[in-house]
>>> print(open('target_19.tsv').read())   # TSV, C-alpha atoms
chain	number	residue	atom	x	y	z
H	810	MET	CA	11.90	-6.10	30.86
H	811	THR	CA	12.86	-6.92	27.31
H	812	ALA	CA	11.33	-5.71	24.08
H	813	PHE	CA	9.39	-8.96	23.87
H	814	THR	CA	7.62	-8.51	27.21
H	815	LEU	CA	6.99	-4.82	26.49
H	816	TYR	CA	5.26	-5.60	23.19
H	817	ALA	CA	3.34	-8.53	24.61
H	818	ILE	CA	2.06	-6.60	27.64
H	819	GLY	CA	1.17	-3.72	25.32
H	820	GLY	CA	-0.88	-6.19	23.31
H	821	VAL	CA	-2.62	-7.36	26.50
H	822	GLY	CA	-3.41	-3.72	27.31
H	823	LEU	CA	-4.95	-3.16	23.87
H	824	PHE	CA	-6.99	-6.34	24.26
H	825	ALA	CA	-8.28	-5.25	27.67
H	826	MET	CA	-9.21	-1.75	26.46
H	827	GLY	CA	-11.08	-3.26	23.52
H	828	LEU	CA	-12.84	-5.76	25.78
H	829	PHE	CA	-13.95	-3.00	28.15
H	830	SER	CA	-15.40	-0.93	25.30
H	831	PHE	CA	-17.02	-3.98	23.77
H	832	LEU	CA	-18.84	-4.75	27.03
H	833	ALA	CA	-19.48	-1.24	28.33
H	834	VAL	CA	-20.66	0.60	25.21
H	835	ALA	CA	-24.03	-0.04	23.60
H	836	HIS	CA	-23.58	1.51	20.16
H	837	LEU	CA	-22.98	-1.21	17.56
H	838	LEU	CA	-20.37	0.79	15.62
H	839	ARG	CA	-18.38	1.30	18.81
H	840	LYS	CA	-18.65	-2.42	19.51
H	841	ILE	CA	-17.22	-3.19	16.04
H	842	LEU	CA	-14.37	-0.74	16.65
H	843	ALA	CA	-13.76	-2.32	20.06
H	844	LEU	CA	-13.61	-5.80	18.51
H	845	ASN	CA	-10.96	-4.54	16.09
H	846	VAL	CA	-8.90	-3.08	18.94
H	847	MET	CA	-9.14	-6.44	20.73
H	848	GLY	CA	-7.96	-8.16	17.56
H	849	SER	CA	-5.02	-5.79	17.25
H	850	GLY	CA	-4.03	-6.66	20.81
H	851	VAL	CA	-4.02	-10.37	19.98
H	852	PHE	CA	-1.97	-9.72	16.84
H	853	MET	CA	0.53	-7.70	18.87
H	854	VAL	CA	0.99	-10.54	21.37
H	855	LEU	CA	1.54	-12.98	18.50
H	856	ILE	CA	4.07	-10.68	16.82
H	857	ALA	CA	5.86	-10.29	20.14
H	858	ILE	CA	6.07	-14.07	20.48
H	859	ALA	CA	7.73	-14.17	17.04
H	860	HIS	CA	10.33	-11.62	18.18
H	861	PRO	CA	13.95	-12.45	17.26
H	862	GLU	CA	14.97	-12.48	20.93
H	863	ARG	CA	13.00	-15.69	21.28
H	864	ALA	CA	14.28	-17.40	18.12
H	865	ALA	CA	16.17	-20.61	18.67
H	866	THR	CA	19.33	-21.30	16.73
H	867	GLN	CA	19.81	-18.16	14.68
H	868	PRO	CA	19.08	-15.07	16.76
H	869	ALA	CA	18.48	-12.91	13.66
H	870	ASN	CA	15.53	-15.04	12.55
H	871	VAL	CA	11.96	-14.45	13.57
H	872	ASP	CA	9.52	-17.28	14.11
H	873	PRO	CA	7.51	-17.27	10.88
H	874	ILE	CA	4.46	-19.17	12.13
H	875	PRO	CA	2.98	-16.46	14.41
H	876	GLN	CA	3.70	-13.91	11.68
H	877	ALA	CA	1.84	-16.00	9.12
H	878	LEU	CA	-1.05	-16.40	11.57
H	879	VAL	CA	-1.23	-12.63	12.03
H	880	LEU	CA	-1.20	-12.06	8.27
H	881	THR	CA	-4.09	-14.49	7.92
H	882	GLY	CA	-5.83	-12.92	10.89
H	883	ILE	CA	-5.66	-9.39	9.51
H	884	VAL	CA	-7.30	-10.40	6.24
H	885	VAL	CA	-10.04	-12.33	8.02
H	886	ALA	CA	-10.58	-9.44	10.48
H	887	VAL	CA	-11.04	-6.98	7.62
H	888	SER	CA	-13.66	-9.13	5.92
H	889	ALA	CA	-15.43	-9.86	9.23
H	890	THR	CA	-15.53	-6.11	9.95
H	891	ALA	CA	-17.06	-5.47	6.52
H	892	LEU	CA	-19.76	-8.07	7.21
H	893	ALA	CA	-20.43	-6.63	10.67
H	894	LEU	CA	-20.78	-3.13	9.20
H	895	ALA	CA	-23.15	-4.39	6.51
H	896	LEU	CA	-25.30	-6.14	9.14
H	897	THR	CA	-25.28	-3.01	11.34
H	898	CYS	CA	-26.35	-0.79	8.44
H	899	GLN	CA	-29.21	-3.12	7.57
H	900	TYR	CA	-30.23	-3.43	11.23
H	901	HIS	CA	-30.34	0.33	11.46
H	902	ALA	CA	-32.30	0.61	8.21
H	903	GLU	CA	-34.84	-1.93	9.47
H	904	THR	CA	-35.29	-0.75	13.05
H	905	GLY	CA	-33.88	2.77	13.21
H	906	ARG	CA	-31.86	1.69	16.24
H	907	THR	CA	-28.12	1.71	16.77
H	908	THR	CA	-28.08	-0.63	19.77
H	909	LEU	CA	-29.28	-4.14	20.36
H	910	PRO	CA	-32.47	-4.44	22.43
H	911	GLU	CA	-32.25	-5.28	26.13
H	912	ASP	CA	-32.68	-8.90	27.11
H	913	SER	CA	-35.68	-8.39	29.41
H	914	PRO	CA	-38.55	-6.45	27.83
H	915	GLY	CA	-39.54	-4.99	31.21
H	916	ASP	CA	-36.20	-3.26	31.68
H	917	GLU	CA	-36.46	-0.11	29.60
H	918	ARG	CA	-33.38	1.49	31.07
H	919	SER	CA	-30.42	1.59	28.71
H	920	ASP	CA	-27.82	0.94	31.33
H	921	ARG	CA	-24.74	0.37	29.23
T	61	MET	CA	-24.38	15.98	18.02
T	62	THR	CA	-22.37	18.22	20.26
T	63	SER	CA	-19.25	17.32	22.12
T	64	LEU	CA	-21.35	17.48	25.28
T	65	ASP	CA	-23.48	14.58	24.02
T	66	SER	CA	-20.49	12.41	23.35
T	67	TRP	CA	-19.16	13.24	26.80
T	68	LYS	CA	-22.47	12.10	28.30
T	69	THR	CA	-22.04	8.69	26.68
T	70	LEU	CA	-19.05	8.22	28.96
T	71	ARG	CA	-21.13	8.75	32.08
T	72	ILE	CA	-20.13	6.50	34.92
T	73	ARG	CA	-22.63	3.81	35.88
T	74	PRO	CA	-22.31	0.97	38.38
T	75	ALA	CA	-22.41	-1.61	35.59
T	76	LYS	CA	-19.48	0.10	33.87
T	77	ILE	CA	-17.47	0.14	37.08
T	78	ALA	CA	-18.08	-3.59	37.50
T	79	ILE	CA	-17.10	-4.27	33.88
T	80	GLY	CA	-14.00	-2.09	34.33
T	81	CYS	CA	-12.91	-3.96	37.44
T	82	LEU	CA	-13.41	-7.34	35.76
T	83	THR	CA	-11.53	-6.21	32.66
T	84	LEU	CA	-8.66	-4.86	34.75
T	85	GLY	CA	-8.46	-8.15	36.64
T	86	LEU	CA	-8.43	-10.12	33.42
T	87	ALA	CA	-5.77	-7.80	31.97
T	88	ALA	CA	-3.58	-8.29	35.04
T	89	LEU	CA	-3.99	-12.05	34.79
T	90	LEU	CA	-3.14	-12.05	31.07
T	91	ALA	CA	-0.15	-9.78	31.66
T	92	CYS	CA	1.15	-12.24	34.26
T	93	VAL	CA	0.69	-15.14	31.82
T	94	VAL	CA	2.43	-13.26	29.02
T	95	TYR	CA	5.24	-12.26	31.39
T	96	GLU	CA	5.75	-15.93	32.23
T	97	ILE	CA	6.31	-16.90	28.58
T	98	PRO	CA	9.98	-17.87	28.53
T	99	GLU	CA	12.14	-15.48	26.56
T	100	ARG	CA	14.20	-18.33	25.25
T	101	PRO	CA	12.36	-21.09	23.37
T	102	LEU	CA	11.77	-24.37	25.16
T	103	PRO	CA	14.16	-27.27	24.37
T	104	LEU	CA	11.52	-29.00	22.23
T	105	ALA	CA	11.12	-25.92	20.01
T	106	THR	CA	14.89	-25.62	19.65
T	107	ALA	CA	15.13	-29.30	18.74
T	108	LEU	CA	12.39	-28.95	16.12
T	109	GLN	CA	14.08	-25.91	14.64
T	110	ASP	CA	17.36	-27.82	14.49
T	111	ILE	CA	15.62	-30.59	12.56
T	112	ALA	CA	14.07	-28.02	10.20
T	113	THR	CA	17.49	-26.49	9.59
T	114	GLU	CA	19.12	-29.88	9.14
T	115	GLU	CA	16.46	-31.07	6.67
T	116	ARG	CA	16.81	-27.75	4.81
T	117	LEU	CA	13.03	-27.37	4.83
T	118	ILE	CA	13.13	-23.75	3.69
T	119	GLU	CA	15.19	-24.64	0.62
T	120	LYS	CA	12.77	-27.46	-0.19
T	121	SER	CA	9.70	-25.23	0.23
T	122	GLY	CA	10.45	-23.39	-3.02
T	123	VAL	CA	10.63	-19.91	-1.48
T	124	GLY	CA	13.28	-18.25	0.63
T	125	ASN	CA	11.01	-16.13	2.81
T	126	PRO	CA	10.03	-18.26	5.82
T	127	VAL	CA	6.69	-16.46	6.27
T	128	THR	CA	5.73	-17.19	2.65
T	129	ALA	CA	6.92	-20.77	3.08
T	130	VAL	CA	4.63	-21.18	6.10
T	131	LEU	CA	1.67	-19.51	4.39
T	132	LEU	CA	1.85	-21.23	1.02
T	133	ASN	CA	3.56	-24.53	1.81
T	134	PHE	CA	3.87	-25.77	5.39
T	135	ARG	CA	0.46	-24.45	6.47
T	136	ALA	CA	-1.09	-24.04	3.03
T	137	TYR	CA	-4.33	-25.46	4.40
T	138	ASP	CA	-4.80	-22.34	6.57
T	139	THR	CA	-4.34	-20.04	3.61
T	140	LEU	CA	-6.70	-22.10	1.46
T	141	LEU	CA	-9.42	-21.82	4.09
T	142	GLU	CA	-8.69	-18.10	4.50
T	143	LEU	CA	-9.36	-17.52	0.81
T	144	GLY	CA	-12.59	-19.48	1.33
T	145	VAL	CA	-13.47	-17.11	4.19
T	146	LEU	CA	-13.05	-14.16	1.81
T	147	VAL	CA	-15.53	-15.72	-0.63
T	148	LEU	CA	-17.94	-16.36	2.26
T	149	ALA	CA	-17.65	-12.74	3.40
T	150	VAL	CA	-18.55	-11.48	-0.08
T	151	LEU	CA	-21.50	-13.88	-0.25
T	152	ALA	CA	-22.74	-12.82	3.18
T	153	VAL	CA	-22.45	-9.10	2.43
T	154	GLN	CA	-24.21	-9.67	-0.89
T	155	ALA	CA	-27.02	-11.51	0.90
T	156	THR	CA	-27.20	-8.73	3.49
T	157	SER	CA	-27.59	-6.05	0.86
T	158	ALA	CA	-30.08	-8.02	-1.23
T	159	GLY	CA	-33.15	-5.93	-1.91
T	160	VAL	CA	-31.36	-2.64	-1.36
T	161	VAL	CA	-31.91	-0.47	-4.40
T	162	ARG	CA	-28.62	1.25	-5.03
T	163	LYS	CA	-28.80	4.81	-6.09
T	164	ARG	CA	-25.75	5.30	-8.25
T	165	VAL	CA	-24.92	8.61	-6.70
T	166	GLY	CA	-21.62	10.22	-7.46
T	167	SER	CA	-19.28	11.67	-4.92
T	168	GLY	CA	-18.82	14.80	-7.05
T	169	TRP	CA	-15.05	14.41	-7.13
T	170	LYS	CA	-14.77	13.02	-10.63
T	171	HIS	CA	-13.75	16.30	-12.26
T	172	ASN	CA	-11.39	17.52	-9.58
T	173	ARG	CA	-8.18	18.16	-11.52
T	174	LEU	CA	-5.88	17.71	-8.56
T	175	LEU	CA	-7.42	14.30	-7.81
T	176	THR	CA	-7.19	13.30	-11.47
T	177	ALA	CA	-3.50	14.14	-11.55
T	178	THR	CA	-2.89	12.34	-8.24
T	179	LEU	CA	-4.72	9.22	-9.41
T	180	GLY	CA	-2.66	9.26	-12.62
T	181	ILE	CA	0.41	8.74	-10.45
T	182	VAL	CA	-0.90	6.70	-7.53
T	183	VAL	CA	-2.78	4.00	-9.44
T	184	PRO	CA	0.08	2.97	-11.79
T	185	VAL	CA	2.55	3.10	-8.88
T	186	SER	CA	0.21	0.88	-6.82
T	187	ILE	CA	0.10	-1.69	-9.61
T	188	VAL	CA	3.91	-1.71	-9.89
T	189	VAL	CA	4.32	-1.92	-6.10
T	190	ALA	CA	1.81	-4.79	-5.94
T	191	GLY	CA	3.68	-6.70	-8.64
T	192	ASP	CA	6.96	-6.07	-6.84
T	193	LEU	CA	5.54	-7.21	-3.48
T	194	LEU	CA	4.17	-10.35	-5.10
T	195	TRP	CA	7.47	-11.23	-6.80
T	196	MET	CA	9.75	-10.22	-3.93
T	197	GLY	CA	7.50	-12.06	-1.47
T	198	ALA	CA	9.23	-15.29	-2.45
T	199	ASP	CA	12.48	-14.29	-0.76
T	200	HIS	CA	11.77	-11.09	1.18
T	201	PRO	CA	8.92	-9.67	3.25
T	202	GLY	CA	5.88	-9.33	1.02
T	203	GLY	CA	3.49	-11.64	-0.72
T	204	ALA	CA	0.01	-12.09	-2.07
T	205	PHE	CA	-1.89	-10.45	0.77
T	206	GLN	CA	0.23	-7.33	0.96
T	207	ALA	CA	0.11	-6.99	-2.83
T	208	GLY	CA	-3.66	-7.51	-2.83
T	209	ALA	CA	-4.11	-4.89	-0.12
T	210	VAL	CA	-2.09	-2.32	-2.11
T	211	LEU	CA	-4.12	-3.06	-5.26
T	212	SER	CA	-7.40	-2.78	-3.37
T	213	GLY	CA	-6.26	0.60	-2.07
T	214	ALA	CA	-5.96	1.79	-5.66
T	215	GLY	CA	-9.36	0.29	-6.45
T	216	ILE	CA	-10.99	2.03	-3.48
T	217	MET	CA	-9.52	5.36	-4.61
T	218	LEU	CA	-11.08	4.78	-8.03
T	219	ILE	CA	-14.45	4.03	-6.39
T	220	LEU	CA	-14.34	7.14	-4.22
T	221	THR	CA	-13.64	9.31	-7.26
T	222	ASP	CA	-16.46	7.76	-9.37
T	223	ARG	CA	-14.10	6.13	-11.83
T	224	LEU	CA	-15.07	2.60	-10.88
T	225	ASN	CA	-18.82	2.62	-10.47
T	226	ARG	CA	-20.49	-0.61	-11.40
T	227	PRO	CA	-22.74	-3.37	-9.99
T	228	PHE	CA	-19.95	-5.59	-8.67
T	229	PHE	CA	-22.18	-8.39	-7.44
T	230	SER	CA	-23.84	-9.04	-10.80
T	231	ASP	CA	-20.72	-8.59	-12.96
T	232	TRP	CA	-19.38	-12.04	-13.85
T	233	ARG	CA	-15.79	-10.76	-14.13
T	234	TYR	CA	-15.81	-9.65	-10.51
T	235	ARG	CA	-17.47	-12.89	-9.40
T	236	LEU	CA	-14.73	-14.80	-11.20
T	237	ALA	CA	-12.01	-12.70	-9.56
T	238	VAL	CA	-13.52	-13.29	-6.10
T	239	VAL	CA	-13.29	-17.08	-6.45
T	240	VAL	CA	-10.12	-17.36	-8.58
T	241	GLY	CA	-7.81	-17.48	-5.53
T	242	VAL	CA	-9.49	-20.39	-3.81
T	243	ALA	CA	-10.18	-22.09	-7.17
T	244	VAL	CA	-6.53	-22.08	-8.28
T	245	PHE	CA	-5.47	-23.21	-4.80
T	246	VAL	CA	-7.88	-26.18	-4.88
T	247	ILE	CA	-6.92	-27.09	-8.46
T	248	VAL	CA	-3.20	-27.08	-7.58
T	249	GLY	CA	-3.80	-28.85	-4.26
T	250	LEU	CA	-5.76	-31.65	-5.92
T	251	GLY	CA	-3.67	-31.62	-9.10
T	252	VAL	CA	-0.49	-32.60	-7.26
T	253	MET	CA	-2.31	-35.76	-6.13
T	254	ALA	CA	-2.52	-36.79	-9.79
T	255	VAL	CA	1.28	-37.01	-9.91
T	256	GLY	CA	1.45	-39.06	-6.73
T	257	GLU	CA	1.94	-36.43	-4.04
T	258	GLN	CA	-0.18	-35.80	-0.95
T	259	LEU	CA	-2.87	-33.12	-0.91
T	260	LEU	CA	-1.20	-29.68	-1.18
T	261	GLN	CA	2.29	-31.24	-1.25
T	262	TYR	CA	4.11	-29.66	-4.16
T	263	PRO	CA	6.44	-31.87	-6.23
T	264	ALA	CA	10.12	-31.04	-5.81
T	265	GLY	CA	11.33	-28.52	-8.35
T	266	LEU	CA	7.83	-27.28	-9.19
T	267	ALA	CA	7.18	-25.73	-5.79
T	268	LYS	CA	8.16	-22.18	-6.65
T	269	THR	CA	6.13	-22.12	-9.88
T	270	LEU	CA	3.03	-23.49	-8.19
T	271	ILE	CA	3.38	-21.12	-5.22
T	272	LEU	CA	3.70	-18.14	-7.54
T	273	ALA	CA	0.63	-19.23	-9.52
T	274	ILE	CA	-1.40	-19.56	-6.32
T	275	GLU	CA	-0.09	-16.23	-5.01
T	276	THR	CA	-0.99	-14.39	-8.21
T	277	ALA	CA	-4.55	-15.72	-8.10
T	278	ALA	CA	-4.76	-15.01	-4.36
T	279	MET	CA	-3.59	-11.42	-4.92
T	280	ALA	CA	-6.35	-10.87	-7.49
T	281	SER	CA	-8.95	-12.35	-5.14
T	282	VAL	CA	-7.82	-10.36	-2.10
T	283	ALA	CA	-7.80	-7.10	-4.08
T	284	VAL	CA	-11.21	-7.64	-5.65
T	285	VAL	CA	-12.79	-8.93	-2.42
T	286	PHE	CA	-11.67	-5.86	-0.50
T	287	VAL	CA	-12.89	-3.55	-3.28
T	288	VAL	CA	-16.28	-5.30	-3.49
T	289	LEU	CA	-16.72	-5.32	0.31
T	290	PHE	CA	-15.77	-1.65	0.58
T	291	ASP	CA	-18.10	-0.69	-2.25
T	292	ALA	CA	-21.04	-2.63	-0.80
T	293	VAL	CA	-20.68	-1.06	2.64
T	294	ALA	CA	-19.11	2.36	2.20
T	295	GLY	CA	-19.04	3.13	-1.50
T	296	PRO	CA	-21.26	5.83	-3.05
T	297	GLY	CA	-24.80	4.42	-2.83
T	298	GLY	CA	-23.62	1.63	-0.50
T	299	LEU	CA	-25.33	0.47	2.68
T	300	TRP	CA	-23.68	3.18	4.75
T	301	ASN	CA	-25.11	5.98	2.63
T	302	GLN	CA	-28.56	4.38	2.69
T	303	SER	CA	-28.70	4.85	6.44
T	304	ASN	CA	-26.89	8.13	6.82
T	305	SER	CA	-28.30	8.80	10.29
T	306	LEU	CA	-26.19	5.93	11.61
T	307	VAL	CA	-23.73	8.07	13.50
T	308	LEU	CA	-21.75	7.44	16.62
T	309	ARG	CA	-24.58	8.43	18.92
T	310	GLU	CA	-26.34	6.44	21.59
T	311	ASP	CA	-30.02	5.62	21.18
T	312	ARG	CA	-32.35	7.95	23.03
T	313	GLN	CA	-34.99	5.74	24.55
>>> encode(input="target_19.tsv", output="structure tokens")
Amino acid sequence: MTAFTLYAIGGVGLFAMGLFSFLAVAHLLRKILALNVMGSGVFMVLIAIAHPERAATQPANVDPIPQALVLTGIVVAVSATALALALTCQYHAETGRTTLPEDSPGDERSDR
Amino acid sequence: MTSLDSWKTLRIRPAKIAIGCLTLGLAALLACVVYEIPERPLPLATALQDIATEERLIEKSGVGNPVTAVLLNFRAYDTLLELGVLVLAVLAVQATSAGVVRKRVGSGWKHNRLLTATLGIVVPVSIVVAGDLLWMGADHPGGAFQAGAVLSGAGIMLILTDRLNRPFFSDWRYRLAVVVGVAVFVIVGLGVMAVGEQLLQYPAGLAKTLILAIETAAMASVAVVFVVLFDAVAGPGGLWNQSNSLVLREDRQ
């Protein structure tokens, strides 16, 4: 168990926790938070892949490409979160609801 | 909302157990895959890195920080599109909040003397730190996005204390700042074709100047985009305050 595998498996754990919340919780704000936790998990795996232990010729160097991808990803995630929050606010203002409606109109039970 | 209510939202249901089992299975599978990633790079990756070292690609890229070289030179296309995504996000949030009459309410913190004194220190320091991050980003960790994030932090503090309270979407200066990053990037990317280079391939010797120009514009765009997005959603009179009953509470149906 090296630092690389520890970080990467930690990232997988974050991703799984976010995925569970995203699927199991109905409230839209919680879903947005869960999506962000999932994203953080992906970023953590990518950063782990860039870890110096895996670098080729010079062990002190990190792999810059995953790091650049994460930097891009963070900025895009922030703006996507802002858009999701804006849509959620407007959805709530229009309908007064904080969850999406069920697929089948006959099923009134909020089971999530 | 009491703590009892929030506890009830965690109530165990068969569907949740099924989702939990599936998620755990997926996590185990992913953990196995990640564990199988070789700790040492594959021979092909090592060979490619040897070529990159031999060709002195970093020296030719115009900047010494490999992450900046990847972002602004080797994979400049990604960064160009990312700045486009920021413009799209602002447009989408603006379209979402169209028709919302903003009450220019204040947060009531404008005349707090402690906050005034703190802002007098934090905002100038943020500007200096952003400039430092932008300049140092050429050879050390840092760059346009970090600098833009620091600047936007200062801007958000000014919004929350009623010192920056204006209709961002209809102010042409803010519109210009939102697009300046992608605009400068496109102009440079196409401009190098006029002197016989490929799209986004900087001429030798000019690389550092062009990268710094793009990074400065990108920093301004990132900072203003984050400020505008924050203000539209969570600023005083923003969408969030229009629907203040939107709390972390499940629907009662």
>>> residues_around(input="target_19.tsv", residues="H:Leu828", least_positions_apart="2", cutoff="9 Å", atoms="only C-alpha atoms", output="ChimeraX atom specification")
/H:823-826,830-833,843-844,846-847 /T:83
>>> write_last_selection(input="target_19.tsv", atoms="C-alpha atoms", output="PDB file, in the coordinates of the input")
ATOM      1  CA  LEU H 823      -4.950  -3.160  23.870  1.00  0.00           C
ATOM      2  CA  PHE H 824      -6.990  -6.340  24.260  1.00  0.00           C
ATOM      3  CA  ALA H 825      -8.280  -5.250  27.670  1.00  0.00           C
ATOM      4  CA  MET H 826      -9.210  -1.750  26.460  1.00  0.00           C
ATOM      5  CA  SER H 830     -15.400  -0.930  25.300  1.00  0.00           C
ATOM      6  CA  PHE H 831     -17.020  -3.980  23.770  1.00  0.00           C
ATOM      7  CA  LEU H 832     -18.840  -4.750  27.030  1.00  0.00           C
ATOM      8  CA  ALA H 833     -19.480  -1.240  28.330  1.00  0.00           C
ATOM      9  CA  ALA H 843     -13.760  -2.320  20.060  1.00  0.00           C
ATOM     10  CA  LEU H 844     -13.610  -5.800  18.510  1.00  0.00           C
ATOM     11  CA  VAL H 846      -8.900  -3.080  18.940  1.00  0.00           C
ATOM     12  CA  MET H 847      -9.140  -6.440  20.730  1.00  0.00           C
TER      13      MET H 847
ATOM     14  CA  THR T  83     -11.530  -6.210  32.660  1.00  0.00           C
TER      15      THR T  83
END
>>> interface_residues(input="target_19.tsv", of="chain T", to="chain H", cutoff="7 Å", atoms="only C-alpha atoms", output="PyMOL selection string")
chain T and resi 76+79-80+83+87+90-91+94-95+99-101+106+109+126-127+130-131+142+146+149+152-153+156+289+293+299-300+303+306+308+310-311
>>> atom_distance(input="target_19.tsv", atom1="atom CA of H:Gly848", atom2="atom CA of T:Gly295")
24.8 Å
>>> atom_distance(input="target_19.tsv", atom1="atom CA of T:Val160", atom2="atom CA of T:Gly241")
28.1 Å
>>> atom_distance(input="target_19.tsv", atom1="atom CA of T:Tyr234", atom2="atom CA of T:Val288")
8.3 Å
>>> residues_around(input="target_19.tsv", residues="T:Ser121", least_positions_apart="6", cutoff="12 Å", atoms="only C-alpha atoms", output="ChimeraX atom specification")
/T:112,115,127-136,198-199,260-271
>>> write_last_selection(input="target_19.tsv", atoms="C-alpha atoms", output="CSV table (one decimal), keeping the file's coordinate frame")
chain,number,residue,atom,x,y,z
T,112,ALA,CA,14.1,-28.0,10.2
T,115,GLU,CA,16.5,-31.1,6.7
T,127,VAL,CA,6.7,-16.5,6.3
T,128,THR,CA,5.7,-17.2,2.6
T,129,ALA,CA,6.9,-20.8,3.1
T,130,VAL,CA,4.6,-21.2,6.1
T,131,LEU,CA,1.7,-19.5,4.4
T,132,LEU,CA,1.8,-21.2,1.0
T,133,ASN,CA,3.6,-24.5,1.8
T,134,PHE,CA,3.9,-25.8,5.4
T,135,ARG,CA,0.5,-24.4,6.5
T,136,ALA,CA,-1.1,-24.0,3.0
T,198,ALA,CA,9.2,-15.3,-2.4
T,199,ASP,CA,12.5,-14.3,-0.8
T,260,LEU,CA,-1.2,-29.7,-1.2
T,261,GLN,CA,2.3,-31.2,-1.2
T,262,TYR,CA,4.1,-29.7,-4.2
T,263,PRO,CA,6.4,-31.9,-6.2
T,264,ALA,CA,10.1,-31.0,-5.8
T,265,GLY,CA,11.3,-28.5,-8.4
T,266,LEU,CA,7.8,-27.3,-9.2
T,267,ALA,CA,7.2,-25.7,-5.8
T,268,LYS,CA,8.2,-22.2,-6.6
T,269,THR,CA,6.1,-22.1,-9.9
T,270,LEU,CA,3.0,-23.5,-8.2
T,271,ILE,CA,3.4,-21.1,-5.2
>>> closest_residue(input="target_19.tsv", among="T:Ser186, T:Thr178, T:Ser167, T:Thr139", to="T:Ala209", atoms="all atoms listed in the file")
T:Ser186
>>> closest_residue(input="target_19.tsv", among="T:Pro103, T:Gly180, T:Gly256, T:Gly166", to="T:Asn301", atoms="all atoms listed in the file")
T:Gly166
>>> residues_near_point(input="target_19.tsv", point="(7.0, -10.6, -6.2)", cutoff="9 Å", atoms="all atoms listed in the file", output="ChimeraX atom specification")
/T:190-200,202-204,207,272
>>> write_last_selection(input="target_19.tsv", atoms="C-alpha atoms", output="mmCIF file, keeping the file's coordinate frame")
data_model
loop_
_atom_site.group_PDB
_atom_site.id
_atom_site.type_symbol
_atom_site.label_atom_id
_atom_site.label_comp_id
_atom_site.auth_asym_id
_atom_site.auth_seq_id
_atom_site.Cartn_x
_atom_site.Cartn_y
_atom_site.Cartn_z
ATOM 1 C CA ALA T 190 1.810 -4.790 -5.940
ATOM 2 C CA GLY T 191 3.680 -6.700 -8.640
ATOM 3 C CA ASP T 192 6.960 -6.070 -6.840
ATOM 4 C CA LEU T 193 5.540 -7.210 -3.480
ATOM 5 C CA LEU T 194 4.170 -10.350 -5.100
ATOM 6 C CA TRP T 195 7.470 -11.230 -6.800
ATOM 7 C CA MET T 196 9.750 -10.220 -3.930
ATOM 8 C CA GLY T 197 7.500 -12.060 -1.470
ATOM 9 C CA ALA T 198 9.230 -15.290 -2.450
ATOM 10 C CA ASP T 199 12.480 -14.290 -0.760
ATOM 11 C CA HIS T 200 11.770 -11.090 1.180
ATOM 12 C CA GLY T 202 5.880 -9.330 1.020
ATOM 13 C CA GLY T 203 3.490 -11.640 -0.720
ATOM 14 C CA ALA T 204 0.010 -12.090 -2.070
ATOM 15 C CA ALA T 207 0.110 -6.990 -2.830
ATOM 16 C CA LEU T 272 3.700 -18.140 -7.540
#
>>> residues_around(input="target_19.tsv", residues="T:Asn172", least_positions_apart="6", cutoff="12 Å", atoms="all atoms listed in the file", output="JSON, numbers by chain")
{"T": [178, 179, 221, 222, 223]}
